[in-house]
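Asks: Got a structure for you, data_6.txt, holding compact mmCIF, C-alpha atoms.
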# COMPACT_ATOMS: atom_id res chain seq x y z
CA VAL A 298 127.80 81.57 114.04
CA THR A 299 129.65 84.57 112.64
CA GLY A 300 132.49 83.71 110.34
CA GLN A 301 130.74 80.63 109.13
CA HIS A 302 128.22 81.00 106.42
CA ARG A 303 124.73 79.64 106.97
CA PRO A 304 121.67 79.73 104.77
CA SER A 305 119.07 82.36 105.67
CA ARG A 306 117.45 80.98 108.79
CA LEU A 307 113.98 82.26 108.10
CA THR A 308 113.97 81.40 104.43
CA GLU A 309 111.63 78.52 103.90
CA LYS A 310 108.73 77.38 101.85
CA PHE A 311 105.55 77.89 103.77
CA GLU A 312 102.59 75.58 103.40
CA GLY A 313 99.01 75.44 104.49
CA SER A 314 98.04 78.30 106.74
CA THR A 315 100.80 80.46 105.36
CA ARG A 316 98.70 80.89 102.24
CA ALA A 317 97.18 83.72 104.29
CA LYS A 318 100.59 85.40 104.56
CA LEU A 319 101.05 85.09 100.84
CA ASN A 320 97.68 86.74 100.29
CA VAL A 321 98.55 89.61 102.61
CA LEU A 322 101.70 90.32 100.60
CA LEU A 323 99.95 89.99 97.23
CA ASP A 324 97.09 92.25 98.31
CA GLU A 325 99.37 94.87 99.81
CA GLN A 326 101.63 95.13 96.78
CA HIS A 327 100.41 96.20 93.36
CA ILE A 328 103.31 95.44 91.06
CA GLY A 329 104.61 92.02 90.08
CA HIS A 330 107.78 91.45 88.09
CA PHE A 331 106.73 88.99 85.39
CA ALA A 332 109.47 86.88 83.80
CA PHE A 333 109.11 84.87 80.61
CA VAL A 334 111.37 83.54 77.88
CA VAL A 335 111.68 85.04 74.40
CA ASP A 336 114.03 83.36 71.91
CA GLY A 337 115.74 81.60 74.77
CA LEU A 338 116.47 84.85 76.59
CA PRO A 339 115.03 86.05 79.90
CA ARG A 340 112.57 88.93 79.84
CA VAL A 341 111.11 90.58 82.91
CA MET A 342 108.70 93.47 83.23
CA PRO A 343 106.72 95.09 86.01
CA ILE A 344 102.96 94.69 85.58
CA ALA A 345 100.16 95.76 87.92
CA TYR A 346 98.13 92.82 89.17
CA VAL A 347 95.25 92.09 91.49
CA ARG A 348 94.69 88.81 93.31
CA ASP A 349 91.43 86.99 92.60
CA GLY A 350 91.30 84.01 94.93
CA ASP A 351 94.28 81.83 94.08
CA GLU A 352 94.87 83.56 90.76
CA LEU A 353 96.22 86.89 89.56
CA LEU A 354 94.51 89.28 87.15
CA LEU A 355 96.56 91.56 84.95
CA HIS A 356 95.46 93.91 82.21
CA GLY A 357 96.70 96.31 79.61
CA SER A 358 96.39 97.33 76.01
CA THR A 359 95.31 94.80 73.42
CA GLY A 360 98.22 96.31 71.47
CA SER A 361 100.87 95.26 73.99
CA PRO A 362 103.02 92.56 72.37
CA TRP A 363 104.28 91.25 75.70
CA LEU A 364 100.83 90.99 77.22
CA ARG A 365 99.63 89.18 74.11
CA LEU A 366 102.54 86.78 74.37
CA LEU A 367 101.69 86.07 78.01
CA GLY A 368 98.11 85.46 76.90
CA THR A 369 99.26 82.56 74.72
CA GLY A 370 100.02 80.62 77.90
CA VAL A 371 103.82 80.61 77.84
CA PRO A 372 105.45 79.68 81.16
CA VAL A 373 105.65 82.69 83.45
CA GLN A 374 107.17 83.33 86.84
CA VAL A 375 106.38 86.43 88.88
CA SER A 376 108.22 87.99 91.79
CA VAL A 377 106.42 90.18 94.35
CA SER A 378 108.38 91.54 97.27
CA ALA A 379 108.29 94.00 100.13
CA LEU A 380 111.28 95.43 101.95
CA ASP A 381 110.29 95.86 105.58
CA ALA A 382 113.43 96.93 107.45
CA ILE A 383 117.15 97.39 107.25
CA VAL A 384 118.93 95.06 109.66
CA VAL A 385 121.91 96.96 111.02
CA ALA A 386 124.31 94.44 112.52
CA ARG A 387 127.72 94.96 114.11
CA SER A 388 129.46 93.63 111.02
CA ALA A 389 128.80 93.95 107.31
CA PHE A 390 128.51 90.17 107.09
CA GLU A 391 125.55 90.01 109.47
CA SER A 392 123.83 93.12 108.12
CA SER A 393 120.80 92.32 106.01
CA MET A 394 117.16 93.16 105.45
CA GLN A 395 113.78 92.12 106.73
CA TYR A 396 111.67 91.31 103.71
CA ARG A 397 108.84 89.26 102.31
CA SER A 398 109.21 87.66 98.90
CA ALA A 399 106.77 85.61 96.88
CA VAL A 400 107.60 83.82 93.64
CA LEU A 401 104.67 82.37 91.71
CA THR A 402 104.94 80.03 88.75
CA GLY A 403 102.18 79.48 86.23
CA HIS A 404 100.66 80.59 82.97
CA CYS A 405 98.13 83.14 81.76
CA ALA A 406 95.08 83.11 79.54
CA ALA A 407 92.72 85.85 78.43
CA VAL A 408 89.59 86.05 80.55
CA THR A 409 86.41 84.98 78.83
CA LYS A 410 84.21 87.65 77.32
CA ASP A 411 81.59 87.06 80.01
CA ASP A 412 84.17 87.65 82.72
CA ARG A 413 85.69 90.85 81.34
CA VAL A 414 83.63 93.39 83.26
CA ARG A 415 83.90 91.55 86.56
CA SER A 416 87.66 91.10 86.09
CA LEU A 417 88.28 94.75 85.27
CA ASP A 418 86.16 95.81 88.23
CA LEU A 419 88.31 93.61 90.46
CA VAL A 420 91.38 95.35 89.06
CA THR A 421 89.91 98.77 89.90
CA GLU A 422 88.83 97.65 93.37
CA GLY A 423 92.21 96.07 94.05
CA LEU A 424 93.96 99.40 93.68
CA LEU A 425 91.23 101.59 95.15
CA PRO A 426 88.52 99.70 97.05
CA GLY A 427 85.06 101.18 96.54
CA ARG A 428 85.98 103.07 93.38
CA THR A 429 83.74 101.13 90.97
CA SER A 430 80.61 102.48 92.67
CA GLU A 431 81.83 106.06 92.18
CA ILE A 432 82.44 105.97 88.44
CA ARG A 433 80.55 105.05 85.29
CA THR A 434 80.78 101.55 83.89
CA HIS A 435 83.05 100.57 81.00
CA SER A 436 82.20 101.54 77.44
CA ALA A 437 82.20 98.90 74.73
CA LYS A 438 85.18 100.62 73.11
CA GLU A 439 87.12 100.55 76.37
CA LEU A 440 86.40 96.87 76.87
CA ALA A 441 87.49 96.13 73.31
CA ALA A 442 90.77 98.00 73.82
CA THR A 443 91.69 96.19 77.04
CA LEU A 444 93.30 92.78 77.31
CA THR A 445 92.73 91.14 80.67
CA LEU A 446 94.65 88.02 81.61
CA ARG A 447 94.16 85.54 84.40
CA MET A 448 97.27 83.82 85.72
CA THR A 449 96.81 80.31 87.04
CA VAL A 450 99.38 79.65 89.76
CA ASP A 451 100.80 76.13 89.59
CA ASP A 452 103.36 76.64 92.33
CA TRP A 453 104.47 79.32 94.74
CA THR A 454 107.02 80.00 97.42
CA LEU A 455 107.02 82.58 100.16
CA LYS A 456 110.14 83.68 101.95
CA ILE A 457 109.90 85.87 105.02
CA SER A 458 112.94 87.23 106.80
CA GLU A 459 112.18 88.70 110.20
CA ASP A 460 115.77 88.39 111.39
CA TRP A 461 117.29 90.62 114.00
CA PRO A 462 121.03 91.12 114.01
CA ASP A 463 122.72 87.86 114.93
CA ASP A 464 126.21 88.94 115.79
CA ALA A 465 129.04 86.89 117.22
CA GLN A 466 129.82 87.28 120.93
CA ALA A 467 133.02 89.16 120.17
CA ASP A 468 131.06 91.73 118.19
CA ILE A 469 128.27 91.99 120.75
CA ALA A 470 130.89 92.81 123.35
CA GLY A 471 132.15 95.69 121.18
CA THR A 472 130.87 99.24 120.83
CA ALA A 473 129.01 99.09 117.51
CA TRP A 474 125.25 99.74 117.52
CA ALA A 475 122.86 97.06 116.25
CA GLY A 476 119.16 97.09 115.54
CA ILE A 477 116.66 97.52 112.76
CA VAL A 478 115.38 100.54 110.86
CA PRO A 479 111.82 99.86 109.70
CA LEU A 480 110.77 100.99 106.23
CA VAL A 481 107.30 102.48 106.07
CA ARG A 482 104.97 103.11 103.14
CA GLY A 483 101.86 105.20 102.99
CA TYR A 484 99.70 107.62 101.07
CA ALA A 485 100.10 111.37 101.06
CA GLU A 486 97.29 113.91 100.73
CA PRO A 487 95.50 113.58 97.38
CA ILE A 488 96.10 116.27 94.76
CA PRO A 489 93.09 117.23 92.59
CA ALA A 490 93.48 117.13 88.80
CA PRO A 491 94.03 120.57 87.23
CA ASP A 492 90.79 120.15 85.27
CA LEU A 493 88.65 119.18 88.28
CA ALA A 494 85.53 121.34 88.56
CA ALA A 495 85.07 123.33 91.73
CA GLY A 496 82.97 121.74 94.44
CA ILE A 497 83.74 118.08 93.75
CA ALA A 498 84.87 116.55 97.03
CA VAL A 499 87.50 113.87 97.58
CA PRO A 500 85.55 110.60 97.31
CA GLU A 501 85.11 108.00 100.04
CA SER A 502 87.40 105.52 98.27
CA VAL A 503 90.34 107.93 98.44
CA LYS A 504 89.49 108.98 102.01
CA ARG A 505 89.61 105.33 103.10
CA LEU A 506 93.08 104.91 101.53
CA LEU A 507 94.34 107.68 103.79
CA GLY A 508 92.89 105.90 106.81
CA VAL B 96 90.85 110.25 73.47
CA THR B 97 88.74 108.12 75.76
CA GLY B 98 87.25 105.08 74.13
CA GLN B 99 90.15 104.73 71.78
CA HIS B 100 93.20 102.94 72.99
CA ARG B 101 96.53 104.68 72.81
CA PRO B 102 99.97 103.60 73.92
CA SER B 103 101.16 105.06 77.24
CA ARG B 104 102.11 108.59 76.39
CA LEU B 105 105.02 108.92 78.73
CA THR B 106 106.43 105.49 78.08
CA GLU B 107 109.58 105.90 76.11
CA LYS B 108 113.18 104.92 76.02
CA PHE B 109 115.27 107.70 77.42
CA GLU B 110 118.75 108.41 76.17
CA GLY B 111 121.69 110.58 77.10
CA SER B 112 121.03 112.81 80.07
CA THR B 113 118.29 110.52 81.31
CA ARG B 114 121.01 108.20 82.51
CA ALA B 115 120.86 110.44 85.58
CA LYS B 116 117.19 109.55 86.10
CA LEU B 117 118.04 105.88 85.83
CA ASN B 118 120.74 106.31 88.46
CA VAL B 119 118.33 108.07 90.82
CA LEU B 120 115.91 105.15 90.58
CA LEU B 121 118.65 102.52 90.95
CA ASP B 122 120.18 104.30 93.96
CA GLU B 123 116.84 104.86 95.66
CA GLN B 124 115.67 101.26 95.33
CA HIS B 125 117.52 98.34 96.88
CA ILE B 126 115.86 95.29 95.34
CA GLY B 127 116.06 94.17 91.71
CA HIS B 128 114.03 91.32 90.28
CA PHE B 129 116.58 89.22 88.39
CA ALA B 130 115.29 87.00 85.60
CA PHE B 131 117.22 84.20 83.94
CA VAL B 132 116.46 80.99 82.09
CA VAL B 133 116.81 77.50 83.54
CA ASP B 134 116.01 74.51 81.35
CA GLY B 135 114.11 76.79 79.01
CA LEU B 136 111.88 78.09 81.80
CA PRO B 137 111.78 81.61 83.24
CA ARG B 138 113.11 82.15 86.74
CA VAL B 139 112.94 85.42 88.63
CA MET B 140 114.10 86.30 92.11
CA PRO B 141 114.51 89.45 94.15
CA ILE B 142 118.13 90.25 94.97
CA ALA B 143 119.57 93.27 96.76
CA TYR B 144 121.92 95.25 94.56
CA VAL B 145 124.00 98.40 94.68
CA ARG B 146 124.96 100.50 91.67
CA ASP B 147 128.67 100.93 90.98
CA GLY B 148 128.97 103.38 88.10
CA ASP B 149 127.24 101.77 85.12
CA GLU B 150 127.23 98.33 86.75
CA LEU B 151 125.36 96.57 89.53
CA LEU B 152 126.89 94.68 92.43
CA LEU B 153 125.04 91.82 94.05
CA HIS B 154 126.15 89.42 96.71
CA GLY B 155 125.09 86.43 98.73
CA SER B 156 126.18 83.07 99.95
CA THR B 157 128.76 81.09 98.02
CA GLY B 158 126.29 78.24 98.60
CA SER B 159 123.45 79.86 96.67
CA PRO B 160 122.88 77.81 93.50
CA TRP B 161 121.11 80.67 91.70
CA LEU B 162 123.82 83.19 92.49
CA ARG B 163 126.41 80.73 91.30
CA LEU B 164 124.47 80.21 88.09
CA LEU B 165 124.31 83.97 87.52
CA GLY B 166 128.06 84.07 88.12
CA THR B 167 128.63 81.82 85.11
CA GLY B 168 127.55 84.71 82.88
CA VAL B 169 124.17 83.47 81.69
CA PRO B 170 121.94 86.17 80.15
CA VAL B 171 120.11 88.11 82.85
CA GLN B 172 117.49 90.81 82.82
CA VAL B 173 116.60 92.80 85.91
CA SER B 174 113.55 94.89 86.70
CA VAL B 175 113.68 97.75 89.22
CA SER B 176 110.58 99.83 89.77
CA ALA B 177 109.00 102.44 92.01
CA LEU B 178 105.31 103.15 92.34
CA ASP B 179 104.93 106.89 92.90
CA ALA B 180 101.18 107.62 92.85
CA ILE B 181 97.76 106.22 92.14
CA VAL B 182 96.14 108.08 89.27
CA VAL B 183 92.44 108.35 90.08
CA ALA B 184 90.60 109.18 86.86
CA ARG B 185 86.88 109.59 86.24
CA SER B 186 86.70 106.18 84.55
CA ALA B 187 88.35 102.84 85.22
CA PHE B 188 89.88 102.96 81.75
CA GLU B 189 91.82 106.15 82.41
CA SER B 190 92.82 105.22 85.95
CA SER B 191 96.45 104.22 86.24
CA MET B 192 99.64 104.76 88.21
CA GLN B 193 102.58 107.09 88.21
CA TYR B 194 105.69 104.94 88.24
CA ARG B 195 109.30 104.61 87.25
CA SER B 196 110.53 101.36 85.77
CA ALA B 197 113.99 100.31 84.68
CA VAL B 198 114.82 97.10 82.85
CA LEU B 199 118.51 96.26 82.49
CA THR B 200 119.92 93.51 80.33
CA GLY B 201 123.35 92.01 80.76
CA HIS B 202 125.40 89.34 82.44
CA CYS B 203 127.26 88.81 85.70
CA ALA B 204 130.70 87.66 86.73
CA ALA B 205 132.32 87.16 90.11
CA VAL B 206 134.40 90.15 91.20
CA THR B 207 138.11 89.56 91.26
CA LYS B 208 139.73 88.66 94.53
CA ASP B 209 141.42 92.05 94.68
CA ASP B 210 138.07 93.79 94.32
CA ARG B 211 136.15 91.81 96.95
CA VAL B 212 136.60 94.11 99.91
CA ARG B 213 135.89 97.27 97.93
CA SER B 214 132.80 95.69 96.36
CA LEU B 215 131.38 94.51 99.66
CA ASP B 216 132.04 97.92 101.20
CA LEU B 217 130.07 99.49 98.33
CA VAL B 218 127.22 97.10 99.10
CA THR B 219 127.22 98.16 102.75
CA GLU B 220 127.47 101.85 101.89
CA GLY B 221 124.69 101.57 99.31
CA LEU B 222 122.21 100.46 101.92
CA LEU B 223 123.51 102.55 104.79
CA PRO B 224 125.95 105.31 103.77
CA GLY B 225 128.73 105.81 106.28
CA ARG B 226 128.31 102.42 107.91
CA THR B 227 131.68 100.97 106.89
CA SER B 228 133.55 103.46 109.07
CA GLU B 229 131.47 102.40 112.11
CA ILE B 230 132.14 98.66 111.99
CA ARG B 231 135.10 96.32 111.84
CA THR B 232 136.43 95.11 108.52
CA HIS B 233 135.61 91.72 107.01
CA SER B 234 137.19 88.56 108.34
CA ALA B 235 138.85 86.13 105.96
CA LYS B 236 136.13 83.59 106.73
CA GLU B 237 133.40 86.08 105.90
CA LEU B 238 135.03 86.98 102.62
CA ALA B 239 135.39 83.32 101.72
CA ALA B 240 131.71 82.67 102.44
CA THR B 241 130.44 85.55 100.30
CA LEU B 242 129.98 85.50 96.55
CA THR B 243 129.94 88.98 95.04
CA LEU B 244 128.90 89.45 91.43
CA ARG B 245 129.26 92.40 89.11
CA MET B 246 126.57 92.79 86.45
CA THR B 247 127.67 94.39 83.21
CA VAL B 248 124.71 96.21 81.66
CA ASP B 249 124.59 95.83 77.89
CA ASP B 250 121.27 97.59 77.43
CA TRP B 251 118.68 99.38 79.55
CA THR B 252 115.35 101.10 79.26
CA LEU B 253 113.69 103.53 81.60
CA LYS B 254 109.97 104.19 81.58
CA ILE B 255 108.55 107.05 83.59
CA SER B 256 104.85 107.72 83.83
CA GLU B 257 104.02 111.09 85.32
CA ASP B 258 100.52 111.11 83.87
CA TRP B 259 97.63 113.00 85.39
CA PRO B 260 94.11 111.79 84.70
CA ASP B 261 93.34 112.34 81.02
CA ASP B 262 89.58 112.00 80.93
CA ALA B 263 87.23 112.60 78.02
CA GLN B 264 85.24 115.85 77.98
CA ALA B 265 82.03 114.02 78.80
CA ASP B 266 83.62 112.59 81.95
CA ILE B 267 85.24 115.89 82.95
CA ALA B 268 81.79 117.49 82.79
CA GLY B 269 80.47 114.88 85.22
CA THR B 270 80.62 114.73 89.01
CA ALA B 271 83.39 112.17 89.60
CA TRP B 272 86.55 113.31 91.39
CA ALA B 273 89.91 113.01 89.66
CA GLY B 274 93.45 113.49 90.88
CA ILE B 275 96.43 111.62 92.19
CA VAL B 276 97.24 110.03 95.52
CA PRO B 277 101.01 110.07 96.05
CA LEU B 278 102.70 107.06 97.61
CA VAL B 279 105.39 107.89 100.11
CA ARG B 280 108.21 105.81 101.55
CA GLY B 281 110.41 106.49 104.50
CA TYR B 282 112.19 105.18 107.56
CA ALA B 283 110.66 104.83 111.00
CA GLU B 284 112.51 105.23 114.29
CA PRO B 285 115.26 102.63 114.70
CA ILE B 286 114.71 99.79 117.18
CA PRO B 287 117.78 98.61 119.12
CA ALA B 288 118.64 94.91 119.08
CA PRO B 289 117.58 93.04 122.24
CA ASP B 290 121.23 92.22 122.95
CA LEU B 291 122.51 95.79 122.57
CA ALA B 292 124.54 96.89 125.57
CA ALA B 293 123.34 99.94 127.48
CA GLY B 294 124.88 103.25 126.50
CA ILE B 295 125.56 102.57 122.83
CA ALA B 296 123.98 105.44 120.88
CA VAL B 297 122.28 105.29 117.49
CA PRO B 298 125.13 105.85 115.01
CA GLU B 299 125.48 108.72 112.55
CA SER B 300 124.73 106.46 109.57
CA VAL B 301 121.30 105.57 110.93
CA LYS B 302 120.62 109.17 112.03
CA ARG B 303 121.31 110.37 108.48
CA LEU B 304 118.83 107.83 107.06
CA LEU B 305 116.13 109.42 109.19
CA GLY B 306 117.07 112.84 107.86
Kindly return the structure encoded in the file as structure tokens.
Replies:
Amino acid sequence: VTGQHRPSRLTEKFEGSTRAKLNVLLDEQHIGHFAFVVDGLPRVMPIAYVRDGDELLLHGSTGSPWLRLLGTGVPVQVSVSALDAIVVARSAFESSMQYRSAVLTGHCAAVTKDDRVRSLDLVTEGLLPGRTSEIRTHSAKELAATLTLRMTVDDWTLKISEDWPDDAQADIAGTAWAGIVPLVRGYAEPIPAPDLAAGIAVPESVKRLLG
Amino acid sequence: VTGQHRPSRLTEKFEGSTRAKLNVLLDEQHIGHFAFVVDGLPRVMPIAYVRDGDELLLHGSTGSPWLRLLGTGVPVQVSVSALDAIVVARSAFESSMQYRSAVLTGHCAAVTKDDRVRSLDLVTEGLLPGRTSEIRTHSAKELAATLTLRMTVDDWTLKISEDWPDDAQADIAGTAWAGIVPLVRGYAEPIPAPDLAAGIAVPESVKRLLG
């Protein structure tokens, strides 16, 4: 099929059981790129999120103008993606990437006062599972300074490309190498804060991150 | 300063020499999250890009409706980010992330016919330096099937957070651990395509990726 353009073969909208694949991506990534419209112009910013069931939680300063705007319920679309491999084909045309990409459409609202502590704890646990049991609870001042939003997802798409090189016969018969180069992510050894007192060990939550 | 909200200390708009830091981020990452407006609603999608001087090159199928829309010059904003570490503080409030985040504002146009080959070669080289010299050149059909856009950047911001935990004295005096957990990215061993003929070695471009 080389020389003739075709749409990405593995690009499709998944339904039903593929909700699980969406959740894997959302739980593995921490940053969403949130797009909204201001004065008719596109705005996009990276915001940390945590999935809570079918919704996303995001948080920040009550002083953040953009977060406050999102909290008014304006239409929002968020992109979350992971680059999994470079696909090295025998031609530039067939070279590509293996990736997973979710786009979620919806709107946000501030969480209710009763739900603030639970929501913020989910945020903490989403980044570092087990951490809430290792630290003190939130102070009233901290809660008052934090704006937590819940995004209701009205629609979503998931695109997964697991393509291998798909070269034309003439190229396969040539001498160029083809294959994939996987991209890997992980955690390195933790570095204690300069002001950490002697004798305080790395906690279980951090140890679990390192596997 | 715990208990009192403050804006992110290391969030600022860099000028002048920090253009170099922007370039490092743009060259290290491969995916931008491109936001634009359709019928008054926000749309955002991940698109591979390569930096060419102060501009970005992106490419895809001539059949892609979104790429064609971008090619008409509509306002576009793109978010490129890297998560560098989890900041584990002694409270949820002070816990955060080390990150780099660029937001670029501008508009796209199709590259001129004379610039198509050079632009596509830059795309290939951006993902896998040295690859163009290892593969055949583009066919006329391939060039005709590929839409390559150049994004002119009218404005950009770069935010870098290199924060360490900044806990209150009362928390520092406690028993909770604090520090950072760096996130690392890299390439794993290449995997040959199933249809690769015997005796074709991993090329220099891929070897260099692996360091």
Asks: Do a neighbour search on Gln395 of chain A at 9 Å with all atoms listed in the file, toss out local chain neighbours closer than 2 positions, and write the hits as an NGL selection string.
Replies: :A and (379-384 or 393 or 397 or 457-461 or 477 or 479)
Asks: For atom CA of Thr315 of chain A and atom CA of Gly155 of chain B, quote the distance in Å rounded to one decimal.
Replies: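 A separation of 25.9 Å between them.
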Asks: For segment 488-492 of chain A, what centre and edge lengths in Å (one decimal) does the axis-aligned box get once 3 Å is added on each side of all its listed atoms, as AutoDock Vina command-line options?
Replies:
--center_x 93.4 --center_y 118.4 --center_z 90.0 --size_x 11.3 --size_y 10.3 --size_z 15.5
Asks: Please work out which residues fall within 7 Å of (107.6, 90.4, 89.4), coordinates as given in the file, with only C-alpha atoms counting, and return them as JSON, numbers by chain.
Replies: {"A": [328, 329, 330, 331, 332, 342, 343, 375, 376, 377], "B": [128]}
Asks: Using all atoms listed in the file, find all polymer residues with an atom at most 12 Å away from the point (122.0, 81.5, 92.1); report them as a VMD selection string.
Replies: chain B and resid 129 to 133 138 to 142 153 to 169 171 203 to 205 242 to 244
Asks: Export C-alpha atoms of the chosen residues as a PDB file, in the frame of the given file?
Replies:
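The result, written out as selection-v5.pdb:
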ATOM      1  CA  PHE B 129     116.580  89.220  88.390  1.00  0.00           C
ATOM      2  CA  ALA B 130     115.290  87.000  85.600  1.00  0.00           C
ATOM      3  CA  PHE B 131     117.220  84.200  83.940  1.00  0.00           C
ATOM      4  CA  VAL B 132     116.460  80.990  82.090  1.00  0.00           C
ATOM      5  CA  VAL B 133     116.810  77.500  83.540  1.00  0.00           C
ATOM      6  CA  ARG B 138     113.110  82.150  86.740  1.00  0.00           C
ATOM      7  CA  VAL B 139     112.940  85.420  88.630  1.00  0.00           C
ATOM      8  CA  MET B 140     114.100  86.300  92.110  1.00  0.00           C
ATOM      9  CA  PRO B 141     114.510  89.450  94.150  1.00  0.00           C
ATOM     10  CA  ILE B 142     118.130  90.250  94.970  1.00  0.00           C
ATOM     11  CA  LEU B 153     125.040  91.820  94.050  1.00  0.00           C
ATOM     12  CA  HIS B 154     126.150  89.420  96.710  1.00  0.00           C
ATOM     13  CA  GLY B 155     125.090  86.430  98.730  1.00  0.00           C
ATOM     14  CA  SER B 156     126.180  83.070  99.950  1.00  0.00           C
ATOM     15  CA  THR B 157     128.760  81.090  98.020  1.00  0.00           C
ATOM     16  CA  GLY B 158     126.290  78.240  98.600  1.00  0.00           C
ATOM     17  CA  SER B 159     123.450  79.860  96.670  1.00  0.00           C
ATOM     18  CA  PRO B 160     122.880  77.810  93.500  1.00  0.00           C
ATOM     19  CA  TRP B 161     121.110  80.670  91.700  1.00  0.00           C
ATOM     20  CA  LEU B 162     123.820  83.190  92.490  1.00  0.00           C
ATOM     21  CA  ARG B 163     126.410  80.730  91.300  1.00  0.00           C
ATOM     22  CA  LEU B 164     124.470  80.210  88.090  1.00  0.00           C
ATOM     23  CA  LEU B 165     124.310  83.970  87.520  1.00  0.00           C
ATOM     24  CA  GLY B 166     128.060  84.070  88.120  1.00  0.00           C
ATOM     25  CA  THR B 167     128.630  81.820  85.110  1.00  0.00           C
ATOM     26  CA  GLY B 168     127.550  84.710  82.880  1.00  0.00           C
ATOM     27  CA  VAL B 169     124.170  83.470  81.690  1.00  0.00           C
ATOM     28  CA  VAL B 171     120.110  88.110  82.850  1.00  0.00           C
ATOM     29  CA  CYS B 203     127.260  88.810  85.700  1.00  0.00           C
ATOM     30  CA  ALA B 204     130.700  87.660  86.730  1.00  0.00           C
ATOM     31  CA  ALA B 205     132.320  87.160  90.110  1.00  0.00           C
ATOM     32  CA  LEU B 242     129.980  85.500  96.550  1.00  0.00           C
ATOM     33  CA  THR B 243     129.940  88.980  95.040  1.00  0.00           C
ATOM     34  CA  LEU B 244     128.900  89.450  91.430  1.00  0.00           C
TER      35      LEU B 244
END
Asks: For Glu431 of chain A, work out the shell of residues within 12 Å, counting all atoms listed in the file and skipping chain neighbours fewer than 2 positions away, then give it as a list in words.
Replies: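 Using all atoms listed in the file, the neighbours found are Asp418, Thr421, Glu422, Leu425, Pro426, Gly427, Arg428, Thr429, Arg433, Thr434, Ala498, Val499, Pro500, Glu501, Ser502 and Val503 of chain A; Val183, Ala184, Arg185, Ser186, Ala187, Gly269, Thr270, Ala271, Trp272 and Ala273 of chain B.
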Asks: Grab the atom CA of Ala143 of chain B to atom CA of Asn320 of chain A distance for me, in Å with one decimal place.
Replies: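 Result for atom CA of Ala143 of chain B versus atom CA of Asn320 of chain A: 23.1 Å, one decimal.
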Asks: Considering all atoms listed in the file, can you say which of B:Pro285, B:Asp261, B:Phe188, B:Arg280 comes closest to Leu440 of chain A?
Replies: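 Answer, going by the shortest atom-to-atom distance: B:Phe188.
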Asks: For Asp349 of chain A, please output as a PDB file with C-alpha atoms, in the coordinates of the input all residues within 12 Å (counting all atoms listed in the file; exclusion window: fewer than 2 positions along the same chain).
Replies:
ATOM      1  CA  ASN A 320      97.680  86.740 100.290  1.00  0.00           C
ATOM      2  CA  LEU A 323      99.950  89.990  97.230  1.00  0.00           C
ATOM      3  CA  ASP A 324      97.090  92.250  98.310  1.00  0.00           C
ATOM      4  CA  TYR A 346      98.130  92.820  89.170  1.00  0.00           C
ATOM      5  CA  VAL A 347      95.250  92.090  91.490  1.00  0.00           C
ATOM      6  CA  ASP A 351      94.280  81.830  94.080  1.00  0.00           C
ATOM      7  CA  GLU A 352      94.870  83.560  90.760  1.00  0.00           C
ATOM      8  CA  LEU A 353      96.220  86.890  89.560  1.00  0.00           C
ATOM      9  CA  LEU A 354      94.510  89.280  87.150  1.00  0.00           C
ATOM     10  CA  LEU A 355      96.560  91.560  84.950  1.00  0.00           C
ATOM     11  CA  ARG A 415      83.900  91.550  86.560  1.00  0.00           C
ATOM     12  CA  SER A 416      87.660  91.100  86.090  1.00  0.00           C
ATOM     13  CA  LEU A 417      88.280  94.750  85.270  1.00  0.00           C
ATOM     14  CA  ASP A 418      86.160  95.810  88.230  1.00  0.00           C
ATOM     15  CA  LEU A 419      88.310  93.610  90.460  1.00  0.00           C
ATOM     16  CA  VAL A 420      91.380  95.350  89.060  1.00  0.00           C
ATOM     17  CA  GLU A 422      88.830  97.650  93.370  1.00  0.00           C
ATOM     18  CA  GLY A 423      92.210  96.070  94.050  1.00  0.00           C
ATOM     19  CA  LEU A 446      94.650  88.020  81.610  1.00  0.00           C
ATOM     20  CA  ARG A 447      94.160  85.540  84.400  1.00  0.00           C
ATOM     21  CA  MET A 448      97.270  83.820  85.720  1.00  0.00           C
ATOM     22  CA  THR A 449      96.810  80.310  87.040  1.00  0.00           C
ATOM     23  CA  VAL A 450      99.380  79.650  89.760  1.00  0.00           C
TER      24      VAL A 450
END
Asks: Considering all atoms listed in the file, state which residue in the set B:Ala288, B:Lys208, B:Lys116, B:Gly148 is at the smallest distance from chain A.
Replies: B:Ala288
Asks: Hey, which of A:Ala437, A:Leu322, A:Tyr484, A:Trp453 ends up closest to chain B? Count only C-alpha atoms.
Replies: A:Tyr484
Asks: Mind pulling up the distance from atom CA of Val198 of chain B to atom CA of Ser176 of chain B?
Replies: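 Going from atom CA of Ser176 of chain B over to atom CA of Val198 of chain B, I get 8.6 Å.
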